[in-house]
>>> print(open('data.cif').read())   # mmCIF, C-alpha atoms
data_protein
loop_
_atom_site.label_atom_id
_atom_site.label_comp_id
_atom_site.auth_asym_id
_atom_site.auth_seq_id
_atom_site.Cartn_x
_atom_site.Cartn_y
_atom_site.Cartn_z
CA MET R 223 14.12 -2.34 -15.06
CA PRO R 224 12.38 -5.43 -13.66
CA GLU R 225 11.21 -5.14 -10.08
CA LEU R 226 11.01 -7.62 -7.23
CA ARG R 227 7.94 -7.29 -5.01
CA LYS R 228 7.07 -9.07 -1.79
CA ASP R 229 3.59 -10.15 -0.75
CA PRO R 230 3.07 -8.76 2.79
CA ILE R 231 1.11 -11.79 4.00
CA LEU R 232 2.95 -14.80 2.59
CA GLY R 233 6.37 -13.22 2.12
CA ARG R 234 6.24 -14.57 -1.44
CA TRP R 235 8.36 -12.69 -3.98
CA ILE R 236 7.27 -12.01 -7.53
CA ILE R 237 9.03 -10.35 -10.44
CA ILE R 238 7.36 -7.57 -12.39
CA ALA R 239 9.03 -7.92 -15.78
CA GLN R 240 7.12 -5.25 -17.59
CA GLU R 241 6.90 -5.52 -21.33
CA ARG R 242 6.71 -2.02 -22.75
CA GLY R 243 3.45 -1.12 -24.41
CA LYS R 244 1.81 -4.45 -23.53
CA ARG R 245 -1.95 -4.08 -23.62
CA PRO R 246 -4.66 -6.42 -22.32
CA THR R 247 -5.57 -7.37 -25.89
CA ASP R 248 -2.01 -8.63 -26.47
CA PHE R 249 -2.65 -11.72 -24.33
CA LEU R 250 -3.53 -14.76 -26.42
CA VAL R 251 -6.81 -16.13 -25.16
CA GLU R 252 -8.83 -18.96 -26.64
CA GLU R 253 -12.36 -17.88 -27.42
CA PHE R 254 -14.99 -19.43 -25.18
CA LYS R 255 -17.36 -21.26 -27.51
CA VAL R 256 -20.42 -23.12 -26.36
CA LYS R 257 -20.29 -26.46 -28.16
CA GLY R 258 -23.56 -27.76 -26.77
CA GLY R 259 -24.59 -31.38 -27.15
CA PHE R 260 -25.28 -33.77 -24.29
CA CYS R 261 -24.36 -32.21 -20.96
CA PRO R 262 -24.57 -34.13 -17.67
CA LEU R 263 -25.19 -30.89 -15.75
CA CYS R 264 -28.17 -29.69 -17.80
CA PRO R 265 -31.80 -29.92 -16.61
CA GLY R 266 -33.36 -33.18 -17.72
CA ASN R 267 -30.12 -35.08 -17.19
CA GLU R 268 -30.27 -35.11 -13.38
CA LYS R 269 -29.98 -38.89 -13.33
CA THR R 270 -26.44 -38.65 -14.70
CA THR R 271 -25.36 -36.89 -11.49
CA PRO R 272 -25.34 -38.21 -7.93
CA ASP R 273 -28.33 -37.10 -5.83
CA GLU R 274 -28.35 -33.39 -5.05
CA VAL R 275 -27.30 -32.28 -1.57
CA LEU R 276 -28.65 -28.74 -2.01
CA VAL R 277 -31.05 -27.16 -4.45
CA TYR R 278 -32.43 -23.65 -4.85
CA GLY R 279 -35.38 -22.51 -6.91
CA ARG R 280 -37.25 -25.74 -7.58
CA GLU R 281 -40.87 -24.80 -7.15
CA TRP R 282 -42.36 -28.04 -8.39
CA GLY R 283 -41.39 -31.65 -8.98
CA SER R 284 -39.41 -34.10 -6.89
CA PRO R 285 -35.69 -34.08 -6.01
CA ASN R 286 -33.27 -34.63 -8.89
CA THR R 287 -35.64 -33.41 -11.54
CA ALA R 288 -35.66 -30.26 -13.65
CA GLY R 289 -37.03 -26.93 -12.43
CA TRP R 290 -34.05 -25.79 -10.32
CA LYS R 291 -32.01 -22.60 -10.40
CA LEU R 292 -28.91 -24.01 -8.68
CA ARG R 293 -27.96 -27.55 -7.69
CA VAL R 294 -25.12 -28.93 -5.61
CA VAL R 295 -24.22 -32.57 -6.19
CA PRO R 296 -21.36 -34.77 -4.95
CA ASN R 297 -18.67 -35.40 -7.52
CA LYS R 298 -19.61 -38.56 -9.41
CA TYR R 299 -16.00 -39.72 -9.54
CA PRO R 300 -14.43 -38.03 -6.50
CA ALA R 301 -10.74 -37.86 -5.69
CA LEU R 302 -11.57 -38.29 -1.99
CA ILE R 303 -14.38 -40.39 -0.57
CA ILE R 304 -16.90 -39.43 2.08
CA GLU R 305 -17.30 -42.77 3.87
CA GLY R 306 -14.78 -44.10 6.35
CA ASN R 307 -12.38 -43.12 9.08
CA LEU R 308 -9.15 -41.21 8.70
CA ASP R 309 -7.02 -43.99 10.24
CA LYS R 310 -3.98 -41.72 10.68
CA GLN R 311 -0.70 -43.60 10.58
CA GLY R 312 2.99 -42.96 10.77
CA GLU R 313 5.53 -44.84 8.71
CA GLY R 314 8.89 -43.84 10.11
CA LEU R 315 9.03 -40.09 9.59
CA TYR R 316 6.21 -40.13 7.02
CA ASP R 317 2.51 -39.49 7.73
CA ARG R 318 -0.45 -40.94 5.95
CA MET R 319 -4.20 -41.30 6.36
CA ASN R 320 -7.18 -42.55 4.40
CA GLY R 321 -8.33 -40.33 1.53
CA ILE R 322 -11.45 -39.06 3.25
CA GLY R 323 -13.12 -35.89 2.03
CA ALA R 324 -16.15 -34.43 0.31
CA HIS R 325 -15.94 -33.24 -3.26
CA GLU R 326 -19.01 -31.39 -4.52
CA VAL R 327 -19.98 -29.55 -7.68
CA ILE R 328 -22.06 -26.38 -7.61
CA ILE R 329 -24.09 -26.13 -10.85
CA GLU R 330 -24.52 -22.38 -10.96
CA SER R 331 -27.28 -22.08 -13.53
CA PRO R 332 -29.70 -24.36 -15.38
CA ASN R 333 -28.82 -22.66 -18.68
CA HIS R 334 -25.96 -24.31 -20.52
CA GLN R 335 -24.98 -21.08 -22.28
CA ASP R 336 -24.74 -18.93 -19.14
CA ARG R 337 -21.35 -17.71 -18.08
CA PHE R 338 -20.78 -16.90 -14.43
CA SER R 339 -19.33 -13.47 -15.23
CA HIS R 340 -22.49 -12.58 -17.15
CA LEU R 341 -24.98 -13.73 -14.52
CA PRO R 342 -26.96 -10.87 -12.99
CA PRO R 343 -26.06 -10.32 -9.32
CA HIS R 344 -29.36 -11.76 -8.06
CA ASP R 345 -28.53 -15.06 -9.81
CA MET R 346 -24.85 -14.95 -8.82
CA LEU R 347 -26.06 -14.55 -5.22
CA LEU R 348 -27.34 -18.15 -5.27
CA THR R 349 -23.81 -19.42 -5.84
CA PHE R 350 -22.42 -17.43 -2.92
CA ARG R 351 -25.26 -18.67 -0.71
CA ALA R 352 -24.55 -22.23 -1.80
CA PHE R 353 -20.87 -21.85 -0.84
CA ARG R 354 -21.90 -20.62 2.61
CA ASP R 355 -24.63 -23.18 3.19
CA ARG R 356 -22.53 -26.15 2.06
CA ILE R 357 -19.53 -25.12 4.19
CA ARG R 358 -21.86 -24.70 7.18
CA ASP R 359 -23.25 -28.18 6.65
CA LEU R 360 -19.86 -29.84 6.10
CA SER R 361 -18.45 -28.12 9.19
CA LYS R 362 -20.69 -30.39 11.28
CA ASP R 363 -18.54 -33.33 10.22
CA SER R 364 -15.74 -33.51 12.79
CA ARG R 365 -13.39 -35.23 10.33
CA PHE R 366 -13.04 -32.05 8.28
CA ASN R 367 -10.82 -29.07 9.06
CA TYR R 368 -11.12 -26.97 5.94
CA VAL R 369 -13.33 -26.53 2.90
CA VAL R 370 -11.70 -25.14 -0.20
CA VAL R 371 -14.11 -23.49 -2.64
CA PHE R 372 -12.98 -22.70 -6.15
CA LYS R 373 -14.01 -22.11 -9.72
CA ASN R 374 -12.16 -22.95 -12.91
CA PHE R 375 -13.35 -21.07 -15.98
CA GLY R 376 -12.02 -21.94 -19.41
CA ARG R 377 -10.08 -25.00 -20.48
CA ALA R 378 -6.71 -23.34 -19.82
CA ALA R 379 -7.78 -22.81 -16.19
CA GLY R 380 -8.79 -26.44 -15.75
CA ALA R 381 -12.51 -26.44 -16.60
CA SER R 382 -13.48 -29.63 -18.39
CA LEU R 383 -17.11 -28.73 -19.02
CA GLU R 384 -18.58 -25.53 -20.42
CA HIS R 385 -21.73 -25.61 -18.25
CA SER R 386 -21.13 -23.02 -15.52
CA HIS R 387 -20.03 -24.69 -12.30
CA SER R 388 -17.73 -24.34 -9.31
CA GLN R 389 -16.46 -26.89 -6.83
CA LEU R 390 -15.71 -27.45 -3.18
CA VAL R 391 -13.55 -29.99 -1.43
CA ALA R 392 -13.80 -30.64 2.32
CA LEU R 393 -10.44 -31.77 3.68
CA PRO R 394 -9.34 -33.46 6.91
CA ILE R 395 -6.19 -31.33 6.94
CA LEU R 396 -5.33 -27.65 6.57
CA PRO R 397 -3.74 -27.01 3.16
CA ARG R 398 -0.25 -25.50 3.32
CA MET R 399 -1.48 -22.42 1.45
CA VAL R 400 -3.97 -21.76 4.24
CA THR R 401 -1.49 -22.33 7.08
CA SER R 402 1.04 -20.05 5.38
CA GLU R 403 -1.56 -17.30 5.09
CA LEU R 404 -2.66 -17.77 8.71
CA ASP R 405 0.95 -17.78 9.94
CA GLY R 406 1.86 -14.73 7.86
CA SER R 407 -1.13 -12.70 9.02
CA LEU R 408 -0.56 -13.76 12.65
CA SER R 409 3.05 -12.67 12.45
CA TYR R 410 1.97 -9.26 11.14
CA PHE R 411 -0.67 -9.01 13.86
CA LYS R 412 1.85 -9.80 16.62
CA TYR R 413 4.15 -7.09 15.31
CA LYS R 414 1.60 -4.34 14.59
CA ASP R 415 -1.48 -5.39 16.54
CA ARG R 416 -3.55 -4.95 13.38
CA CYS R 417 -4.99 -7.23 10.70
CA VAL R 418 -2.79 -7.09 7.62
CA PHE R 419 -5.81 -7.33 5.33
CA CYS R 420 -7.52 -4.40 7.10
CA ASP R 421 -4.31 -2.42 6.62
CA ILE R 422 -4.19 -3.33 2.93
CA ILE R 423 -7.80 -2.25 2.45
CA ARG R 424 -7.22 1.06 4.28
CA GLN R 425 -4.12 1.84 2.24
CA GLU R 426 -5.66 0.86 -1.11
CA ILE R 427 -8.77 2.98 -0.47
CA GLN R 428 -6.54 5.90 0.45
CA GLN R 429 -4.04 5.59 -2.42
CA LYS R 430 -6.51 4.47 -5.13
CA VAL R 431 -3.79 3.14 -7.42
CA ARG R 432 -4.80 -0.52 -7.10
CA LEU R 433 -8.45 -0.05 -6.17
CA VAL R 434 -10.56 -1.52 -8.99
CA CYS R 435 -14.05 -0.97 -7.57
CA GLU R 436 -15.86 -0.74 -4.27
CA ASN R 437 -19.29 -0.70 -2.67
CA GLU R 438 -20.47 -0.13 0.88
CA GLN R 439 -19.33 -3.53 2.08
CA PHE R 440 -16.57 -4.73 -0.28
CA VAL R 441 -13.53 -3.62 -2.24
CA THR R 442 -11.74 -5.20 -5.19
CA VAL R 443 -8.02 -4.52 -5.52
CA THR R 444 -5.18 -5.66 -7.71
CA PRO R 445 -2.70 -6.89 -5.06
CA PHE R 446 0.72 -5.25 -4.70
CA ALA R 447 2.57 -8.47 -5.61
CA PRO R 448 0.29 -10.38 -7.98
CA ARG R 449 1.16 -13.80 -9.39
CA SER R 450 -0.64 -13.08 -12.64
CA PRO R 451 -1.58 -10.01 -14.66
CA PHE R 452 -5.09 -8.86 -13.68
CA GLU R 453 -5.08 -10.85 -10.43
CA MET R 454 -7.70 -9.36 -8.11
CA TRP R 455 -8.77 -9.80 -4.52
CA VAL R 456 -12.35 -9.17 -3.40
CA MET R 457 -12.36 -8.35 0.32
CA PRO R 458 -14.97 -7.27 2.88
CA ARG R 459 -14.25 -3.73 4.08
CA TYR R 460 -14.92 -4.61 7.70
CA HIS R 461 -12.95 -7.19 9.59
CA ASN R 462 -14.32 -10.71 9.53
CA SER R 463 -12.43 -13.98 9.32
CA SER R 464 -15.34 -16.30 8.50
CA TYR R 465 -17.22 -16.50 5.22
CA ILE R 466 -19.92 -18.68 6.71
CA GLU R 467 -20.91 -15.94 9.16
CA GLN R 468 -22.06 -13.74 6.26
CA ASP R 469 -25.77 -12.96 6.12
CA ASP R 470 -27.76 -12.60 2.91
CA SER R 471 -27.39 -8.79 2.81
CA SER R 472 -23.61 -9.17 2.87
CA LEU R 473 -23.76 -11.81 0.13
CA ILE R 474 -25.94 -9.51 -2.01
CA ALA R 475 -23.22 -6.85 -1.78
CA LEU R 476 -20.62 -9.52 -2.55
CA ALA R 477 -22.54 -10.67 -5.64
CA GLU R 478 -22.80 -7.07 -6.84
CA ILE R 479 -19.09 -6.35 -6.58
CA PHE R 480 -18.11 -9.78 -7.89
CA SER R 481 -20.33 -9.31 -10.92
CA GLU R 482 -18.79 -5.90 -11.59
CA THR R 483 -15.27 -7.24 -11.04
CA LEU R 484 -15.66 -10.16 -13.46
CA ARG R 485 -17.38 -8.01 -16.07
CA ARG R 486 -14.50 -5.54 -15.90
CA LEU R 487 -12.04 -8.39 -16.36
CA ASP R 488 -14.00 -9.95 -19.22
CA THR R 489 -14.31 -6.58 -20.95
CA CYS R 490 -10.55 -5.99 -20.71
CA ILE R 491 -9.70 -9.51 -21.94
CA PRO R 492 -12.74 -11.20 -23.48
CA HIS R 493 -13.07 -14.94 -22.69
CA VAL R 494 -10.11 -14.82 -20.30
CA PRO R 495 -9.73 -18.13 -18.43
CA TYR R 496 -9.47 -17.72 -14.67
CA ASN R 497 -9.62 -19.43 -11.31
CA PHE R 498 -11.10 -17.97 -8.18
CA VAL R 499 -10.63 -19.35 -4.70
CA LEU R 500 -12.32 -18.52 -1.41
CA HIS R 501 -9.92 -17.94 1.48
CA THR R 502 -11.61 -18.28 4.86
CA GLN R 503 -10.79 -19.36 8.39
CA PRO R 504 -10.44 -23.07 9.22
CA LEU R 505 -13.63 -24.82 10.32
CA ARG R 506 -12.46 -25.29 13.93
CA SER R 507 -10.61 -22.04 14.60
CA GLY R 508 -13.33 -19.65 15.82
CA PRO R 509 -13.14 -15.92 14.97
CA LEU R 510 -9.59 -14.70 14.25
CA GLU R 511 -8.41 -11.15 14.87
CA HIS R 512 -5.51 -11.50 12.47
CA TYR R 513 -7.26 -13.09 9.49
CA HIS R 514 -9.74 -11.71 6.95
CA TRP R 515 -11.78 -13.84 4.54
CA HIS R 516 -11.61 -12.91 0.86
CA PHE R 517 -11.71 -14.21 -2.70
CA GLU R 518 -8.67 -14.31 -4.97
CA ILE R 519 -9.30 -14.21 -8.72
CA VAL R 520 -6.32 -15.32 -10.79
CA PRO R 521 -6.55 -15.11 -14.60
CA LYS R 522 -4.63 -17.79 -16.46
CA LEU R 523 -2.44 -15.63 -18.66
CA THR R 524 1.08 -16.82 -17.88
CA SER R 525 2.63 -20.25 -17.65
CA ILE R 526 4.32 -21.85 -14.68
CA ALA R 527 7.62 -23.50 -15.55
CA GLY R 528 10.99 -24.43 -14.06
CA PHE R 529 11.85 -21.06 -12.53
CA GLU R 530 8.49 -20.81 -10.79
CA TRP R 531 8.65 -24.42 -9.52
CA GLY R 532 12.22 -23.92 -8.36
CA THR R 533 11.73 -20.64 -6.52
CA GLY R 534 8.06 -20.18 -5.73
CA PHE R 535 8.44 -16.84 -7.52
CA TYR R 536 6.07 -15.75 -10.26
CA ILE R 537 6.98 -13.61 -13.24
CA ASN R 538 4.32 -11.08 -14.10
CA PRO R 539 4.57 -8.96 -17.27
CA MET R 540 2.16 -6.20 -16.13
CA PRO R 541 2.29 -4.23 -12.87
CA PRO R 542 -0.94 -4.19 -10.88
CA GLU R 543 -1.15 -0.39 -11.01
CA GLU R 544 -1.42 -0.66 -14.80
CA THR R 545 -3.90 -3.54 -14.85
CA CYS R 546 -5.97 -1.65 -12.29
CA ARG R 547 -6.05 1.38 -14.58
CA TYR R 548 -7.30 -0.75 -17.47
CA LEU R 549 -9.90 -2.41 -15.25
CA ARG R 550 -11.19 0.91 -13.94
CA GLU R 551 -11.37 2.56 -17.33
CA VAL R 552 -13.48 -0.02 -19.17
CA ASN R 553 -17.05 0.91 -20.03
CA LEU R 554 -19.51 -1.58 -18.60
CA MET L 109 -33.89 -65.30 -24.37
CA ASP L 110 -31.87 -63.09 -26.73
CA LYS L 111 -28.27 -62.57 -25.77
CA LYS L 112 -27.32 -58.99 -24.86
CA ARG L 113 -24.88 -57.17 -27.10
CA ILE L 114 -21.85 -55.21 -25.92
CA LEU L 115 -19.99 -52.76 -28.13
CA LEU L 116 -16.35 -52.87 -27.01
CA VAL L 117 -14.39 -49.76 -28.02
CA ASP L 118 -10.63 -49.94 -27.49
CA ASP L 119 -7.65 -49.34 -29.78
CA GLU L 120 -5.53 -52.06 -28.13
CA GLU L 121 -5.80 -55.49 -29.70
CA SER L 122 -4.74 -57.26 -26.49
CA ILE L 123 -7.57 -55.60 -24.55
CA GLN L 124 -10.05 -56.46 -27.31
CA LEU L 125 -9.01 -60.13 -27.14
CA LEU L 126 -9.05 -60.34 -23.35
CA TYR L 127 -12.36 -58.53 -22.86
CA ARG L 128 -14.06 -60.39 -25.73
CA GLU L 129 -13.16 -63.74 -24.22
CA GLU L 130 -14.31 -62.73 -20.74
CA PHE L 131 -17.60 -61.18 -21.89
CA GLU L 132 -18.41 -64.07 -24.21
CA ASP L 133 -17.83 -66.44 -21.29
CA GLU L 134 -20.41 -64.36 -19.42
CA GLY L 135 -22.92 -65.02 -22.20
CA TYR L 136 -22.82 -61.73 -24.08
CA ILE L 137 -22.33 -61.05 -27.80
CA VAL L 138 -19.35 -58.74 -28.34
CA ASP L 139 -18.92 -56.33 -31.22
CA SER L 140 -15.59 -54.49 -31.55
CA ALA L 141 -14.59 -50.99 -32.61
CA TYR L 142 -11.01 -49.74 -32.60
CA ASN L 143 -11.57 -45.99 -32.64
CA GLY L 144 -14.24 -43.37 -31.98
CA SER L 145 -15.46 -42.96 -35.55
CA GLU L 146 -15.89 -46.70 -36.05
CA ALA L 147 -17.66 -46.93 -32.68
CA LEU L 148 -20.14 -44.19 -33.58
CA ALA L 149 -20.83 -45.76 -36.97
CA LYS L 150 -21.55 -49.15 -35.38
CA PHE L 151 -23.59 -47.48 -32.64
CA ARG L 152 -25.81 -45.76 -35.23
CA GLU L 153 -26.11 -48.80 -37.46
CA ASN L 154 -27.01 -51.30 -34.79
CA PRO L 155 -27.31 -49.88 -31.26
CA PRO L 156 -25.92 -52.32 -28.67
CA ASP L 157 -27.34 -52.92 -25.19
CA LEU L 158 -24.23 -51.51 -23.51
CA VAL L 159 -20.92 -49.89 -24.47
CA VAL L 160 -17.53 -50.46 -22.83
CA LEU L 161 -15.50 -47.46 -23.91
CA ASP L 162 -11.78 -46.71 -23.64
CA ILE L 163 -10.84 -43.01 -23.28
CA ASN L 164 -7.29 -42.56 -24.49
CA MET L 165 -7.55 -43.47 -28.16
CA PRO L 166 -6.06 -41.95 -31.30
CA GLY L 167 -8.33 -39.41 -32.98
CA MET L 168 -11.52 -38.74 -31.07
CA ASN L 169 -11.14 -39.50 -27.37
CA GLY L 170 -13.63 -41.54 -25.38
CA ILE L 171 -15.18 -38.55 -23.59
CA GLU L 172 -16.16 -37.01 -26.94
CA VAL L 173 -17.42 -40.39 -28.21
CA LEU L 174 -19.48 -40.67 -25.02
CA ARG L 175 -20.98 -37.20 -25.56
CA GLN L 176 -22.03 -38.08 -29.10
CA MET L 177 -23.44 -41.47 -28.09
CA LYS L 178 -25.53 -39.83 -25.37
CA GLU L 179 -26.82 -37.35 -27.95
CA LEU L 180 -28.02 -40.31 -30.02
CA GLN L 181 -29.39 -42.38 -27.15
CA ALA L 182 -29.21 -40.90 -23.66
CA ASN L 183 -30.47 -44.00 -21.86
CA LEU L 184 -28.04 -46.52 -23.28
CA PRO L 185 -25.52 -47.51 -20.58
CA VAL L 186 -21.89 -46.65 -21.28
CA ILE L 187 -19.06 -47.81 -19.02
CA LEU L 188 -15.81 -45.92 -19.32
CA SER L 189 -12.81 -48.20 -19.03
CA SER L 190 -9.44 -46.50 -18.83
CA ALA L 191 -5.99 -47.24 -17.51
CA TYR L 192 -5.93 -43.69 -16.17
CA GLN L 193 -7.73 -42.22 -13.16
CA GLU L 194 -7.22 -38.62 -14.23
CA TYR L 195 -10.06 -38.55 -16.75
CA LYS L 196 -12.39 -38.72 -13.76
CA GLN L 197 -11.66 -35.03 -13.32
CA ASP L 198 -13.19 -34.33 -16.72
CA PHE L 199 -16.85 -33.73 -15.93
CA GLY L 200 -17.68 -34.96 -19.43
CA SER L 201 -17.13 -38.43 -17.96
CA TRP L 202 -20.24 -37.93 -15.81
CA ALA L 203 -22.38 -38.78 -18.82
CA SER L 204 -21.23 -42.38 -18.36
CA GLU L 205 -22.98 -44.84 -16.07
CA ALA L 206 -19.68 -45.95 -14.52
CA TYR L 207 -15.93 -45.47 -14.73
CA VAL L 208 -13.79 -48.54 -14.20
CA VAL L 209 -10.01 -48.36 -14.10
CA LYS L 210 -8.45 -51.11 -16.22
CA SER L 211 -6.98 -53.94 -14.23
CA ALA L 212 -5.75 -57.48 -14.88
CA ASN L 213 -8.52 -58.54 -12.54
CA MET L 214 -11.74 -57.99 -14.46
CA ASP L 215 -14.13 -58.65 -11.58
CA GLU L 216 -15.12 -54.99 -11.15
CA LEU L 217 -15.76 -54.46 -14.86
CA LYS L 218 -17.75 -57.68 -15.19
CA ALA L 219 -19.81 -56.85 -12.08
CA THR L 220 -20.54 -53.39 -13.48
CA VAL L 221 -21.65 -54.81 -16.83
CA ARG L 222 -23.86 -57.34 -15.03
CA LYS L 223 -25.43 -54.52 -13.02
CA TYR L 224 -26.69 -52.88 -16.22
CA LEU L 225 -27.38 -55.96 -18.37
CA GLY L 226 -28.45 -58.44 -15.73
#
>>> encode(input="data.cif", output="structure tokens")
Amino acid sequence: MPELRKDPILGRWIIIAQERGKRPTDFLVEEFKVKGGFCPLCPGNEKTTPDEVLVYGREWGSPNTAGWKLRVVPNKYPALIIEGNLDKQGEGLYDRMNGIGAHEVIIESPNHQDRFSHLPPHDMLLTFRAFRDRIRDLSKDSRFNYVVVFKNFGRAAGASLEHSHSQLVALPILPRMVTSELDGSLSYFKYKDRCVFCDIIRQEIQQKVRLVCENEQFVTVTPFAPRSPFEMWVMPRYHNSSYIEQDDSSLIALAEIFSETLRRLDTCIPHVPYNFVLHTQPLRSGPLEHYHWHFEIVPKLTSIAGFEWGTGFYINPMPPEETCRYLREVNL
Amino acid sequence: MDKKRILLVDDEESIQLLYREEFEDEGYIVDSAYNGSEALAKFRENPPDLVVLDINMPGMNGIEVLRQMKELQANLPVILSSAYQEYKQDFGSWASEAYVVKSANMDELKATVRKYLG
């Protein structure tokens, strides 16, 4: 019997349409092959990118030369542009403004062959530091209200280049996804006087049916109402609404659990394409009692078609309790 | 002074005619290729001073042609010229020196070519 499940934060419904005996290896996944050849993100080709806005690990040489461990550069052909004013306007009942924003690319490793999921935690840490440091810097720009940080891995998940990278976009507006999450968690807080994410973490640690892995500072769970099979959320155990408040010791623990989480996923379904997205408080909100920063990792294993567009529902062929069991049982 | 040579890669005859006329008026020599394979063959045989490269072509697309050209000669300027903005989201396009969206007004494309060829 299929089952309808409701996400406790967004109120979004999903359908668990379990296919009997479906195993992780039954999903058709294109093998990730490194084609090589000329790559604009590789060391030695720094002049093909805009000038770096952040670099880690360069111990010699001048800016925009080789010798780095991580670089952040503006998008060469950005969807939104950094210069100019918003010039907000109304046209009857419609709103518009200039397409102002910052679009940056985080080049996570100098090695073309590296995959993010295979980076050791001490290298992965650089990426999480770059996310924090870039959001901190962009928050000084009063035109921006939110910075969305995300990674696409694999062509099916939207990655156009095999060299390991993630992206961020600073926006003058709050995306609807963020406002819905803030509204949903505030509504829960008003009713129960508790953070919904803290409650989820408490319950998942207690029940251990959707708890994939944990360390002293973080937990990874398969959410109760996942959009995709093997969807996972990485959340700090202790309440905090702001990613940019994290110190290096917290980010080390984050890198450790993230590395373990992605390796578990990649072992269950080798080469699986995925997206991950950072969810954090808006730049201007200050600390929030009702909100809890976290990462959502969504493997690209199902397609979105008419039913999903028409309802906002997702159809998921594997319950999270089962995917969690597979994820826990793999040998790393 | 020797005239600079442009390799113009586009599968549309009307674009070839229009661009050829405009670039020749600017004082350049124009060589044409109508697909990726022909472009790479001409590129190897007689490297131009600059390439104007369409993206959406039958067979090999322009981003792949660009990648192979940069393998052969990383410093040779390549300008992507497409009717579509969306290829900007393909980071393979970063290997190009510039990305110009096709328009009836060729001022931007001509200014970009001038920037690299003088």
>>> closest_residue(input="data.cif", among="L:Asn183, L:Asn213, L:Asn169, L:Gln197", to="Ala147 in chain L", atoms="all atoms listed in the file")
L:Asn169
>>> closest_atom_pairs(input="data.cif", of="chain L", to="chain R", cutoff="8 Å", atoms="all atoms listed in the file", output="JSON lines")
{"residue": "L:Arg175", "atom": "CA", "partner": "R:Phe260", "partner_atom": "CA", "distance": 5.6}
{"residue": "L:Gln176", "atom": "CA", "partner": "R:Phe260", "partner_atom": "CA", "distance": 7.2}
{"residue": "L:Lys178", "atom": "CA", "partner": "R:Phe260", "partner_atom": "CA", "distance": 6.2}
{"residue": "L:Glu179", "atom": "CA", "partner": "R:Phe260", "partner_atom": "CA", "distance": 5.3}
{"residue": "L:Lys196", "atom": "CA", "partner": "R:Tyr299", "partner_atom": "CA", "distance": 5.6}
{"residue": "L:Gln197", "atom": "CA", "partner": "R:Tyr299", "partner_atom": "CA", "distance": 7.4}
{"residue": "L:Asp198", "atom": "CA", "partner": "R:Ser382", "partner_atom": "CA", "distance": 5.0}
{"residue": "L:Phe199", "atom": "CA", "partner": "R:Ser382", "partner_atom": "CA", "distance": 5.8}
{"residue": "L:Gly200", "atom": "CA", "partner": "R:Leu383", "partner_atom": "CA", "distance": 6.3}
{"residue": "L:Trp202", "atom": "CA", "partner": "R:Pro262", "partner_atom": "CA", "distance": 6.1}
{"residue": "L:Ala203", "atom": "CA", "partner": "R:Pro262", "partner_atom": "CA", "distance": 5.3}
{"residue": "L:Ser204", "atom": "CA", "partner": "R:Thr270", "partner_atom": "CA", "distance": 7.4}
{"residue": "L:Glu205", "atom": "CA", "partner": "R:Thr270", "partner_atom": "CA", "distance": 7.2}
{"residue": "L:Tyr207", "atom": "CA", "partner": "R:Tyr299", "partner_atom": "CA", "distance": 7.7}
>>> atom_distance(input="data.cif", atom1="CA of Val456 in chain R", atom2="CA of Pro521 in chain R")
13.9 Å
>>> resolve_selection(input="data.cif", expression="the PyMOL selection byres ((chain L and resi 190-193) around 9)", output="ChimeraX atom specification")
/L:161-164,188-189,194-197,207-211
>>> closest_atom_pairs(input="data.cif", of="range 135-204 of chain L", to="range 112-121 of chain L", cutoff="6 Å", atoms="only C-alpha atoms", output="Markdown table")
| residue | atom | partner | partner_atom | distance |
| --- | --- | --- | --- | --- |
| L:Tyr136 | CA | L:Lys112 | CA | 5.3 |
| L:Ile137 | CA | L:Arg113 | CA | 4.7 |
| L:Val138 | CA | L:Ile114 | CA | 5.0 |
| L:Asp139 | CA | L:Leu115 | CA | 4.8 |
| L:Ser140 | CA | L:Leu116 | CA | 4.9 |
| L:Ala141 | CA | L:Val117 | CA | 4.8 |
| L:Tyr142 | CA | L:Asp119 | CA | 4.4 |
| L:Asn143 | CA | L:Asp119 | CA | 5.9 |
| L:Pro156 | CA | L:Arg113 | CA | 5.2 |
| L:Asp157 | CA | L:Arg113 | CA | 5.3 |
| L:Leu158 | CA | L:Ile114 | CA | 5.0 |
| L:Val159 | CA | L:Leu115 | CA | 4.7 |
| L:Val160 | CA | L:Leu116 | CA | 5.0 |
| L:Leu161 | CA | L:Val117 | CA | 4.8 |
| L:Asp162 | CA | L:Asp118 | CA | 5.2 |
>>> closest_residue(input="data.cif", among="L:Ile187, L:Ala219, L:Met177, L:Leu126", to="Lys150 in chain L", atoms="all atoms listed in the file")
L:Met177
>>> residues_around(input="data.cif", residues="Arg245 in chain R", least_positions_apart="5", cutoff="12 Å", atoms="all atoms listed in the file", output="PDB file with C-alpha atoms, in the coordinates of the input")
ATOM      1  CA  GLN R 240       7.120  -5.250 -17.590  1.00  0.00           C
ATOM      2  CA  LEU R 250      -3.530 -14.760 -26.420  1.00  0.00           C
ATOM      3  CA  PRO R 451      -1.580 -10.010 -14.660  1.00  0.00           C
ATOM      4  CA  PHE R 452      -5.090  -8.860 -13.680  1.00  0.00           C
ATOM      5  CA  CYS R 490     -10.550  -5.990 -20.710  1.00  0.00           C
ATOM      6  CA  ILE R 491      -9.700  -9.510 -21.940  1.00  0.00           C
ATOM      7  CA  PRO R 539       4.570  -8.960 -17.270  1.00  0.00           C
ATOM      8  CA  MET R 540       2.160  -6.200 -16.130  1.00  0.00           C
ATOM      9  CA  PRO R 541       2.290  -4.230 -12.870  1.00  0.00           C
ATOM     10  CA  GLU R 544      -1.420  -0.660 -14.800  1.00  0.00           C
ATOM     11  CA  THR R 545      -3.900  -3.540 -14.850  1.00  0.00           C
ATOM     12  CA  ARG R 547      -6.050   1.380 -14.580  1.00  0.00           C
ATOM     13  CA  TYR R 548      -7.300  -0.750 -17.470  1.00  0.00           C
ATOM     14  CA  LEU R 549      -9.900  -2.410 -15.250  1.00  0.00           C
TER      15      LEU R 549
END
